[in-house]
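Undergrad: Below are the structure tokens for one structure; questions will follow.
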Amino acid sequence: MATKKYTVTLPEELAEEIRREVGPGGFSAYVTQAIERQREQDRLGELVAWLEEEHGPVTEAELAAAEAERREIERGFAEREAPTDEHYPKAS
């Protein structure tokens with residue numbers, strides 16, 4: 001992808017904290033990823049607004065059902081990822 005240099009103004013403490021964490025060579029990549037994530041969030045917000053306009057707001061019951069399903073999926077992943085004794089054999 002082609003790149004172009006831009007000048008942006010950031011709070012100094014935040015910029016220096018990021019630079020220390022990612023190093024000078026990683027700063028632009030970090031900022032690019034942050035902007036990409038924000039754009040994704042913006043597009044999701046637009047989708048939610050459109051869906052609510054078309055179908056009405058999400059009800060409390062629908063939110064509760066979605067949350068219950070999310071927790072069930074998380075439990076399934078946790079159970080699959082949990083180490084078993086065969087992964088860590090006992091020392092003889």
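Every chain in the structure tokens has a letter given in the order shown (A, B, ...), and although residue numbers restart at 1 in each chain, ligands are simply numbered from 1 in the order shown.
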Report as a PyMOL selection string all protein, DNA and RNA residues lying within 12 Å of range 17-20 of chain A, evaluated on only C-alpha atoms, omitting residues in the same chain fewer than 5 positions from it.
TA: chain A and resi 10-12+25-31+34
Undergrad: Which of chain A counts as helix (DSSP H, G or I) under DSSP, as number ranges by chain please?
TA: A: 12-22, 24-55, 60-81
Undergrad: Just to confirm, what's the straight-line distance from CA of Asp42 in chain A to CA of His55 in chain A in Å (one decimal)?
TA: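 So the two atoms, CA of Asp42 in chain A and CA of His55 in chain A, lie 19.8 Å apart.
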